[in-house]
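For reference, run-v2.txt (compact mmCIF, C-alpha atoms):
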```txt
# COMPACT_ATOMS: atom_id res chain seq x y z
CA MET A 200 102.60 75.13 -0.73
CA GLN A 201 99.54 73.70 0.96
CA LYS A 202 96.68 76.14 1.49
CA PRO A 203 95.32 76.48 5.02
CA PRO A 204 91.89 74.89 5.54
CA LEU A 205 88.90 77.18 5.08
CA VAL A 206 87.60 78.33 8.45
CA ILE A 207 83.94 79.27 8.76
CA PRO A 208 82.56 81.00 11.88
CA ARG A 209 80.47 78.71 14.02
CA SER A 210 77.46 81.01 13.86
CA LEU A 211 77.53 81.08 10.06
CA PHE A 212 77.83 77.30 9.92
CA PHE A 213 74.87 76.84 12.27
CA PHE A 214 72.67 79.46 10.62
CA SER A 215 73.40 78.05 7.15
CA ILE A 216 72.19 74.59 8.17
CA PHE A 217 69.15 76.03 9.92
CA TYR A 218 68.37 78.23 6.91
CA GLY A 219 68.51 75.30 4.49
CA GLY A 220 66.10 73.32 6.66
CA MET A 221 63.61 76.18 6.81
CA VAL A 222 63.76 76.62 3.03
CA CYS A 223 62.69 72.99 2.55
CA ILE A 224 59.99 72.80 5.23
CA ALA A 225 58.35 76.11 4.27
CA GLY A 226 56.98 74.66 1.04
CA VAL A 227 55.54 71.61 2.82
CA LEU A 228 53.85 73.68 5.52
CA GLY A 229 52.44 76.00 2.88
CA ASN A 230 50.03 73.24 1.76
CA LYS A 231 47.79 74.05 4.73
CA GLN A 232 45.72 77.20 5.00
CA VAL A 233 45.09 78.31 8.56
CA SER A 234 42.09 80.23 9.89
CA LEU A 235 42.79 83.49 11.69
CA GLY A 236 40.03 83.00 14.24
CA PRO A 237 38.17 86.23 15.05
CA VAL A 238 40.39 88.15 12.62
CA SER A 239 38.96 86.04 9.77
CA ALA A 240 35.70 87.99 10.18
CA LEU A 241 37.38 91.08 8.72
CA GLY A 242 37.11 89.49 5.28
CA PRO A 243 33.29 89.65 4.97
CA MET A 244 33.41 93.25 6.23
CA LEU A 245 35.60 94.05 3.23
CA GLY A 246 33.35 92.17 0.83
CA LEU A 247 35.62 89.11 0.79
CA GLY A 248 35.52 85.61 2.24
CA PRO A 249 36.98 84.71 5.66
CA LEU A 250 40.65 85.70 5.88
CA ALA A 251 43.24 82.92 6.01
CA ILE A 252 46.99 82.36 5.84
CA GLU A 253 49.20 79.52 4.64
CA ALA A 254 51.08 77.76 7.42
CA GLY A 255 54.47 78.21 5.75
CA ILE A 256 54.52 81.78 7.08
CA ALA A 257 56.26 80.59 10.27
CA ALA A 258 59.20 79.12 8.36
CA PHE A 259 59.45 82.15 6.08
CA LEU A 260 59.65 84.49 9.07
CA LEU A 261 62.47 82.38 10.47
CA LEU A 262 64.23 82.68 7.10
CA VAL A 263 63.93 86.46 7.32
CA ILE A 264 65.27 86.53 10.88
CA THR A 265 68.14 84.18 10.03
CA SER A 266 69.28 86.13 6.97
CA SER A 267 69.07 89.40 8.93
CA ALA A 268 71.12 87.89 11.76
CA VAL A 269 73.77 86.75 9.27
CA ALA A 270 73.82 90.23 7.74
CA GLU A 271 74.29 91.75 11.18
CA LEU A 272 77.08 89.36 12.20
CA HIS A 273 78.87 88.74 8.91
CA GLY A 274 77.77 91.47 6.50
CA GLY A 275 75.26 91.88 3.71
CA VAL A 276 77.43 90.18 1.08
CA THR A 277 77.58 86.96 3.11
CA ALA A 278 73.84 87.10 3.82
CA THR A 279 73.11 87.54 0.11
CA ARG A 280 75.25 84.48 -0.65
CA LEU A 281 73.28 82.55 1.96
CA VAL A 282 70.04 83.48 0.18
CA ARG A 283 71.49 82.37 -3.17
CA PHE A 284 72.74 79.08 -1.74
CA GLY A 285 69.21 78.58 -0.39
CA PHE A 286 68.10 77.92 -3.97
CA VAL A 287 70.02 74.63 -3.85
CA PRO A 288 67.91 72.82 -1.19
CA LEU A 289 64.78 74.52 -2.54
CA VAL A 290 65.24 73.29 -6.12
CA VAL A 291 66.58 69.88 -5.06
CA SER A 292 63.57 69.33 -2.78
CA VAL A 293 61.23 70.08 -5.70
CA LEU A 294 63.11 67.68 -7.99
CA LEU A 295 63.14 64.94 -5.35
CA SER A 296 59.39 65.41 -4.84
CA LEU A 297 58.83 64.96 -8.57
CA LEU A 298 61.03 61.86 -8.60
CA VAL A 299 59.31 60.24 -5.62
CA LEU A 300 55.87 61.01 -7.04
CA ALA A 301 56.86 59.36 -10.32
CA LEU A 302 58.07 56.16 -8.63
CA PRO A 303 55.46 53.39 -8.26
CA ALA A 304 54.10 52.88 -4.77
CA ALA A 305 54.56 49.62 -2.92
CA PRO A 306 51.65 47.19 -3.49
CA ASP A 307 50.78 47.08 0.22
CA MET A 308 50.66 50.87 0.63
CA ALA A 309 47.10 51.89 1.45
CA PRO A 310 45.35 53.79 -1.37
CA ASP A 311 44.25 56.57 0.97
CA ARG A 312 47.86 57.12 2.06
CA GLN A 313 48.98 57.23 -1.58
CA ALA A 314 46.31 59.80 -2.39
CA ALA A 315 47.17 61.91 0.66
CA PHE A 316 50.88 61.87 -0.18
CA ALA A 317 50.23 62.82 -3.81
CA MET A 318 47.95 65.64 -2.72
CA MET A 319 50.49 67.00 -0.21
CA MET A 320 53.60 66.74 -2.36
CA GLY A 321 52.17 67.10 -5.85
CA GLY A 322 52.09 70.87 -6.09
CA THR A 323 51.35 72.38 -9.47
CA PRO A 324 54.19 73.93 -11.50
CA ARG A 325 52.70 77.35 -10.73
CA ILE A 326 53.04 76.78 -6.98
CA TRP A 327 56.64 75.63 -7.33
CA LEU A 328 57.46 78.53 -9.65
CA GLY A 329 55.76 81.01 -7.33
CA GLY A 330 57.68 79.67 -4.35
CA ILE A 331 61.06 79.89 -6.07
CA ILE A 332 60.50 83.39 -7.47
CA SER A 333 58.98 84.85 -4.30
CA TYR A 334 61.72 83.29 -2.16
CA GLY A 335 64.56 84.73 -4.22
CA ILE A 336 63.15 88.25 -4.58
CA SER A 337 61.75 88.68 -1.06
CA GLN A 338 64.77 87.26 0.78
CA THR A 339 67.20 89.31 -1.31
CA LEU A 340 65.06 92.39 -0.66
CA ASN A 341 65.11 91.68 3.07
CA VAL A 342 68.92 91.52 3.17
CA THR A 343 69.24 94.60 0.94
CA ILE A 344 66.92 96.75 3.08
CA PHE A 345 68.47 95.53 6.33
CA SER A 346 72.01 96.22 5.09
CA MET A 347 71.03 99.63 3.72
CA LEU A 348 69.51 100.63 7.06
CA LYS A 349 72.55 99.31 8.89
CA GLY A 350 74.79 101.45 6.71
CA ARG A 351 72.72 104.46 7.73
CA GLU A 352 72.18 103.64 11.40
CA GLY A 353 75.36 101.68 12.11
CA GLY A 354 74.90 99.07 14.83
CA ARG A 355 71.97 100.87 16.42
CA MET A 356 68.24 100.20 16.16
CA LEU A 357 68.61 96.51 15.35
CA TRP A 358 64.97 95.85 16.18
CA LEU A 359 63.75 98.59 13.85
CA ARG A 360 66.02 97.59 10.97
CA ALA A 361 64.94 93.95 11.20
CA GLY A 362 61.24 94.83 11.56
CA VAL A 363 61.13 97.24 8.62
CA ALA A 364 63.06 94.88 6.35
CA SER A 365 60.81 91.97 7.33
CA ILE A 366 57.55 93.87 6.79
CA LEU A 367 58.47 95.17 3.34
CA SER A 368 59.98 91.91 2.12
CA GLN A 369 57.07 89.81 3.36
CA ILE A 370 54.53 92.05 1.62
CA VAL A 371 56.43 91.51 -1.63
CA ASP A 372 56.66 87.77 -0.93
CA THR A 373 52.89 87.54 -0.45
CA LEU A 374 52.05 89.50 -3.58
CA LEU A 375 54.39 87.45 -5.74
CA PHE A 376 53.62 83.96 -4.42
CA VAL A 377 49.85 84.20 -4.13
CA THR A 378 49.49 85.92 -7.51
CA ILE A 379 51.79 83.53 -9.40
CA ALA A 380 50.47 80.38 -7.71
CA PHE A 381 46.74 80.98 -7.42
CA ALA A 382 45.53 83.90 -9.60
CA GLY A 383 42.76 82.58 -11.85
CA VAL A 384 42.48 79.35 -9.86
CA PHE A 385 40.32 80.79 -7.07
CA PRO A 386 39.64 84.26 -5.61
CA ILE A 387 42.88 85.35 -3.95
CA GLY A 388 41.70 88.50 -2.20
CA GLU A 389 41.07 86.77 1.14
CA LEU A 390 44.43 85.02 1.11
CA LEU A 391 46.34 88.15 0.06
CA ILE A 392 44.82 90.36 2.74
CA GLY A 393 45.01 87.69 5.43
CA GLN A 394 48.65 86.97 4.67
CA MET A 395 49.62 90.63 4.64
CA ILE A 396 47.84 91.42 7.90
CA VAL A 397 49.43 88.49 9.72
CA LYS A 398 52.89 88.96 8.22
CA VAL A 399 52.94 92.66 9.10
CA LEU A 400 51.75 91.97 12.65
CA LEU A 401 54.18 89.11 13.22
CA SER A 402 57.04 91.08 11.68
CA ALA A 403 56.30 93.97 14.03
CA VAL A 404 55.76 91.82 17.15
CA LEU A 405 58.03 88.77 16.80
CA VAL A 406 60.92 89.79 14.55
CA PRO A 407 62.37 92.54 16.83
CA PRO A 408 62.86 90.34 19.93
CA LEU A 409 63.84 87.26 17.93
CA ILE A 410 66.54 89.08 15.96
CA TYR A 411 68.21 90.04 19.25
CA LEU A 412 68.00 86.39 20.34
CA PHE A 413 69.51 85.11 17.09
CA VAL A 414 72.30 87.69 17.04
CA ALA A 415 73.15 87.06 20.70
CA PHE A 416 73.20 83.31 20.08
CA GLY A 417 75.45 83.78 17.06
CA ARG A 418 77.89 85.93 18.99
CA ARG A 419 78.00 83.34 21.76
CA LEU A 420 78.81 80.62 19.22
CA ASP A 421 81.66 82.72 17.84
CA ALA A 422 83.04 83.73 21.23
```
Structure encoded using structure tokens:
Amino acid sequence: MQKPPLVIPRSLFFFSIFYGGMVCIAGVLGNKQVSLGPVSALGPMLGLGPLAIEAGIAAFLLLVITSSAVAELHGGVTATRLVRFGFVPLVVSVLLSLLVLALPAAPDMAPDRQAAFAMMMGGTPRIWLGGIISYGISQTLNVTIFSMLKGREGGRMLWLRAGVASILSQIVDTLLFVTIAFAGVFPIGELLIGQMIVKVLLSAVLVPPLIYLFVAFGRRLDA
């Protein structure tokens, strides 16, 4: 007897593709550290250098929102599977980067372009390891906290559940990644504090409205 074809909800299909893309681009964007403008001045007041963040924060926040939306629409078990499947594009992108870096460049490729590409894509093993570990733990923590709060609150307070889960998971993500990747390489106090301040603020300001947008979009896809 032939089994019926596996049917996946449209929202889960869309969010899975989007999630995989954000997993890959987050590591690339993280190569740039961004000034916080006037907020950077808080660093010297605390006896540190100017505060800064790494640009991958935008993609990581979208990962948090996407996994929370999947947990809201399809349950925590499905969202946890999404996080685990996210290791596939993450690890494959690292392996492909290593392969491409090992291949010889074309003779007519400008030396400055070769150097820039190697600098952008040639992250140290500590950076890759930090990204993989912090991704797995923080994203799993986000889904776990969100699902636990949903079990307590039911379908209410979506904005609060998403915001709390995002803030706590992003603090853990920052501590793990920055410490594993950069401790002993340069002073990490400025980056740690800058990342935490921005991630907490963005989680409190952007995550609540965006989670409603993502969930509403998902429900429209499934309608």
Rank nothing, just name the residue among A:Met308, A:Gly285, A:Tyr218, A:Leu262 nearest to Ser402 of chain A, using all atoms listed in the file. A:Leu262
Quick one: residues within 6 Å of Gln232 of chain A, only C-alpha atoms counted, chain neighbours fewer than 3 positions away excluded, as a PDB file with C-alpha atoms, keeping the file's coordinate frame?
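Full text of around.pdb as output:
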```
ATOM      1  CA  ILE A 252      46.990  82.360   5.840  1.00  0.00           C
ATOM      2  CA  GLU A 253      49.200  79.520   4.640  1.00  0.00           C
ATOM      3  CA  ALA A 254      51.080  77.760   7.420  1.00  0.00           C
TER       4      ALA A 254
END
```
Given only C-alpha atoms as the counted atoms, nearest of A:Val406, A:Ala301, A:Leu375, A:Met221 to Ala317 of chain A: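 For Ala317 of chain A, the nearest of the given residues is A:Ala301.
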Skipping near chain neighbours, those fewer than 4 positions away, what residues fall within 12 Å of Val233 of chain A using only C-alpha atoms, listed as a PDB file with C-alpha atoms, in the frame of the given file?
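Output file part.pdb is given in full below:
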```
ATOM      1  CA  LEU A 228      53.850  73.680   5.520  1.00  0.00           C
ATOM      2  CA  GLY A 229      52.440  76.000   2.880  1.00  0.00           C
ATOM      3  CA  VAL A 238      40.390  88.150  12.620  1.00  0.00           C
ATOM      4  CA  SER A 239      38.960  86.040   9.770  1.00  0.00           C
ATOM      5  CA  PRO A 249      36.980  84.710   5.660  1.00  0.00           C
ATOM      6  CA  LEU A 250      40.650  85.700   5.880  1.00  0.00           C
ATOM      7  CA  ALA A 251      43.240  82.920   6.010  1.00  0.00           C
ATOM      8  CA  ILE A 252      46.990  82.360   5.840  1.00  0.00           C
ATOM      9  CA  GLU A 253      49.200  79.520   4.640  1.00  0.00           C
ATOM     10  CA  ALA A 254      51.080  77.760   7.420  1.00  0.00           C
ATOM     11  CA  GLY A 255      54.470  78.210   5.750  1.00  0.00           C
ATOM     12  CA  ILE A 256      54.520  81.780   7.080  1.00  0.00           C
ATOM     13  CA  ALA A 257      56.260  80.590  10.270  1.00  0.00           C
ATOM     14  CA  GLU A 389      41.070  86.770   1.140  1.00  0.00           C
ATOM     15  CA  LEU A 390      44.430  85.020   1.110  1.00  0.00           C
ATOM     16  CA  GLY A 393      45.010  87.690   5.430  1.00  0.00           C
ATOM     17  CA  GLN A 394      48.650  86.970   4.670  1.00  0.00           C
ATOM     18  CA  VAL A 397      49.430  88.490   9.720  1.00  0.00           C
TER      19      VAL A 397
END
```
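Counting only C-alpha atoms, Phe214 of chain A has the following residues at most 10 Å away, ignoring those fewer than 3 positions along the same chain: Arg209, Ser210, Leu211, Phe217, Tyr218, Gly219, Gly220, Leu262, Thr265, Ser266, Ala268, Val269, Leu281, Phe413 and Gly417 of chain A.
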Given the choices A:Met244, A:Phe213, A:Gly275, A:Val206, which gets closest to Gly350 of chain A if the distance is worked out from only C-alpha atoms? A:Gly275
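Between atom CA of Trp327 of chain A and atom CA of Val287 of chain A the interatomic distance comes to 13.9 Å.
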Would you compute the distance between atom CA of Gly354 of chain A and atom CA of Ile410 of chain A? Give it in Å to one decimal. 13.1 Å
Please identify all polymer residues within 7 Å of segment 335-343 of chain A, counting all atoms listed in the file, omitting same-chain residues fewer than 4 positions from it, and present them as a PyMOL selection string. chain A and resi 263+266-267+270+275+278-279+282+331+347+364-365+368-369+371-372
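Take the candidates A:Ile207, A:Met395, A:Leu235, A:Ala225 and check each one against Pro288 of chain A using all atoms listed in the file; the shortest distance goes to A:Ala225.
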Which is closer to Asn230 of chain A than all the others in A:Gly330, A:Gly274, A:Pro310, A:Pro303, using only C-alpha atoms?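 Looking at the shortest contact to Asn230 of chain A, the residue is A:Gly330.
In this comparison, which uses all atoms listed in the file, the residue of A:Leu357, A:Val299, A:Ala380, A:Ala309 approaching Ile332 of chain A most closely is A:Ala380.
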Quick check, in Å to one decimal: how far apart do atom CA of Phe376 of chain A and atom CA of Lys398 of chain A lie?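 If I compute the distance from atom CA of Phe376 of chain A to atom CA of Lys398 of chain A, I get 13.6 Å.
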Missing atoms in segment 376-387 of chain A should be modelled up to all heavy atoms and reported as a PDB file, in the frame of the given file.
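Saved file rebuild.pdb follows:
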```
ATOM      1  N   PHE A 376      53.968  85.372  -4.508  1.00  0.00           N
ATOM      2  CA  PHE A 376      53.620  83.960  -4.420  1.00  0.00           C
ATOM      3  C   PHE A 376      52.144  83.722  -4.679  1.00  0.00           C
ATOM      4  O   PHE A 376      51.782  82.866  -5.496  1.00  0.00           O
ATOM      5  CB  PHE A 376      53.998  83.396  -3.061  1.00  0.00           C
ATOM      6  CG  PHE A 376      53.577  81.956  -2.896  1.00  0.00           C
ATOM      7  CD1 PHE A 376      54.266  80.950  -3.549  1.00  0.00           C
ATOM      8  CD2 PHE A 376      52.471  81.618  -2.123  1.00  0.00           C
ATOM      9  CE1 PHE A 376      53.867  79.621  -3.433  1.00  0.00           C
ATOM     10  CE2 PHE A 376      52.072  80.300  -1.999  1.00  0.00           C
ATOM     11  CZ  PHE A 376      52.777  79.301  -2.655  1.00  0.00           C
ATOM     12  N   VAL A 377      51.285  84.445  -3.991  1.00  0.00           N
ATOM     13  CA  VAL A 377      49.850  84.200  -4.130  1.00  0.00           C
ATOM     14  C   VAL A 377      49.388  84.498  -5.553  1.00  0.00           C
ATOM     15  O   VAL A 377      48.586  83.750  -6.133  1.00  0.00           O
ATOM     16  CB  VAL A 377      49.063  85.051  -3.107  1.00  0.00           C
ATOM     17  CG1 VAL A 377      47.559  84.914  -3.342  1.00  0.00           C
ATOM     18  CG2 VAL A 377      49.406  84.623  -1.690  1.00  0.00           C
ATOM     19  N   THR A 378      49.899  85.563  -6.148  1.00  0.00           N
ATOM     20  CA  THR A 378      49.490  85.920  -7.510  1.00  0.00           C
ATOM     21  C   THR A 378      49.964  84.880  -8.518  1.00  0.00           C
ATOM     22  O   THR A 378      49.193  84.415  -9.376  1.00  0.00           O
ATOM     23  CB  THR A 378      50.037  87.301  -7.892  1.00  0.00           C
ATOM     24  OG1 THR A 378      49.567  88.279  -6.958  1.00  0.00           O
ATOM     25  CG2 THR A 378      49.580  87.691  -9.287  1.00  0.00           C
ATOM     26  N   ILE A 379      51.248  84.497  -8.438  1.00  0.00           N
ATOM     27  CA  ILE A 379      51.790  83.530  -9.400  1.00  0.00           C
ATOM     28  C   ILE A 379      51.144  82.156  -9.223  1.00  0.00           C
ATOM     29  O   ILE A 379      50.802  81.478 -10.201  1.00  0.00           O
ATOM     30  CB  ILE A 379      53.315  83.417  -9.246  1.00  0.00           C
ATOM     31  CG1 ILE A 379      53.984  84.735  -9.628  1.00  0.00           C
ATOM     32  CG2 ILE A 379      53.867  82.279 -10.114  1.00  0.00           C
ATOM     33  CD1 ILE A 379      55.473  84.772  -9.327  1.00  0.00           C
ATOM     34  N   ALA A 380      50.942  81.736  -7.975  1.00  0.00           N
ATOM     35  CA  ALA A 380      50.470  80.380  -7.710  1.00  0.00           C
ATOM     36  C   ALA A 380      48.969  80.206  -7.889  1.00  0.00           C
ATOM     37  O   ALA A 380      48.520  79.147  -8.365  1.00  0.00           O
ATOM     38  CB  ALA A 380      50.876  79.958  -6.297  1.00  0.00           C
ATOM     39  N   PHE A 381      48.181  81.224  -7.537  1.00  0.00           N
ATOM     40  CA  PHE A 381      46.740  80.980  -7.420  1.00  0.00           C
ATOM     41  C   PHE A 381      45.851  81.923  -8.225  1.00  0.00           C
ATOM     42  O   PHE A 381      44.636  81.690  -8.272  1.00  0.00           O
ATOM     43  CB  PHE A 381      46.324  81.074  -5.947  1.00  0.00           C
ATOM     44  CG  PHE A 381      47.071  80.130  -5.047  1.00  0.00           C
ATOM     45  CD1 PHE A 381      47.826  80.602  -3.991  1.00  0.00           C
ATOM     46  CD2 PHE A 381      47.040  78.764  -5.272  1.00  0.00           C
ATOM     47  CE1 PHE A 381      48.521  79.747  -3.158  1.00  0.00           C
ATOM     48  CE2 PHE A 381      47.734  77.894  -4.449  1.00  0.00           C
ATOM     49  CZ  PHE A 381      48.476  78.378  -3.394  1.00  0.00           C
ATOM     50  N   ALA A 382      46.384  82.985  -8.837  1.00  0.00           N
ATOM     51  CA  ALA A 382      45.530  83.900  -9.600  1.00  0.00           C
ATOM     52  C   ALA A 382      44.844  83.143 -10.737  1.00  0.00           C
ATOM     53  O   ALA A 382      45.481  82.431 -11.511  1.00  0.00           O
ATOM     54  CB  ALA A 382      46.358  85.055 -10.160  1.00  0.00           C
ATOM     55  N   GLY A 383      43.520  83.284 -10.830  1.00  0.00           N
ATOM     56  CA  GLY A 383      42.760  82.580 -11.850  1.00  0.00           C
ATOM     57  C   GLY A 383      42.300  81.207 -11.435  1.00  0.00           C
ATOM     58  O   GLY A 383      41.433  80.621 -12.091  1.00  0.00           O
ATOM     59  N   VAL A 384      42.888  80.662 -10.355  1.00  0.00           N
ATOM     60  CA  VAL A 384      42.480  79.350  -9.860  1.00  0.00           C
ATOM     61  C   VAL A 384      41.300  79.498  -8.902  1.00  0.00           C
ATOM     62  O   VAL A 384      40.327  78.747  -8.963  1.00  0.00           O
ATOM     63  CB  VAL A 384      43.655  78.634  -9.157  1.00  0.00           C
ATOM     64  CG1 VAL A 384      43.209  77.277  -8.619  1.00  0.00           C
ATOM     65  CG2 VAL A 384      44.819  78.473 -10.119  1.00  0.00           C
ATOM     66  N   PHE A 385      41.411  80.453  -7.987  1.00  0.00           N
ATOM     67  CA  PHE A 385      40.320  80.790  -7.070  1.00  0.00           C
ATOM     68  C   PHE A 385      40.514  82.243  -6.646  1.00  0.00           C
ATOM     69  O   PHE A 385      41.594  82.819  -6.841  1.00  0.00           O
ATOM     70  CB  PHE A 385      40.292  79.847  -5.848  1.00  0.00           C
ATOM     71  CG  PHE A 385      41.557  79.863  -5.029  1.00  0.00           C
ATOM     72  CD1 PHE A 385      41.805  80.851  -4.088  1.00  0.00           C
ATOM     73  CD2 PHE A 385      42.512  78.869  -5.200  1.00  0.00           C
ATOM     74  CE1 PHE A 385      42.963  80.857  -3.328  1.00  0.00           C
ATOM     75  CE2 PHE A 385      43.678  78.860  -4.453  1.00  0.00           C
ATOM     76  CZ  PHE A 385      43.898  79.863  -3.520  1.00  0.00           C
ATOM     77  N   PRO A 386      39.493  82.868  -6.046  1.00  0.00           N
ATOM     78  CA  PRO A 386      39.640  84.260  -5.610  1.00  0.00           C
ATOM     79  C   PRO A 386      40.759  84.375  -4.571  1.00  0.00           C
ATOM     80  O   PRO A 386      40.765  83.660  -3.573  1.00  0.00           O
ATOM     81  CB  PRO A 386      38.276  84.580  -4.993  1.00  0.00           C
ATOM     82  CG  PRO A 386      37.326  83.629  -5.648  1.00  0.00           C
ATOM     83  CD  PRO A 386      38.120  82.367  -5.860  1.00  0.00           C
ATOM     84  N   ILE A 387      41.707  85.272  -4.827  1.00  0.00           N
ATOM     85  CA  ILE A 387      42.880  85.350  -3.950  1.00  0.00           C
ATOM     86  C   ILE A 387      42.842  86.532  -3.003  1.00  0.00           C
ATOM     87  O   ILE A 387      43.770  86.724  -2.217  1.00  0.00           O
ATOM     88  CB  ILE A 387      44.175  85.425  -4.800  1.00  0.00           C
ATOM     89  CG1 ILE A 387      44.166  86.686  -5.677  1.00  0.00           C
ATOM     90  CG2 ILE A 387      44.343  84.180  -5.646  1.00  0.00           C
ATOM     91  CD1 ILE A 387      45.455  86.896  -6.440  1.00  0.00           C
TER      92      ILE A 387
END
```
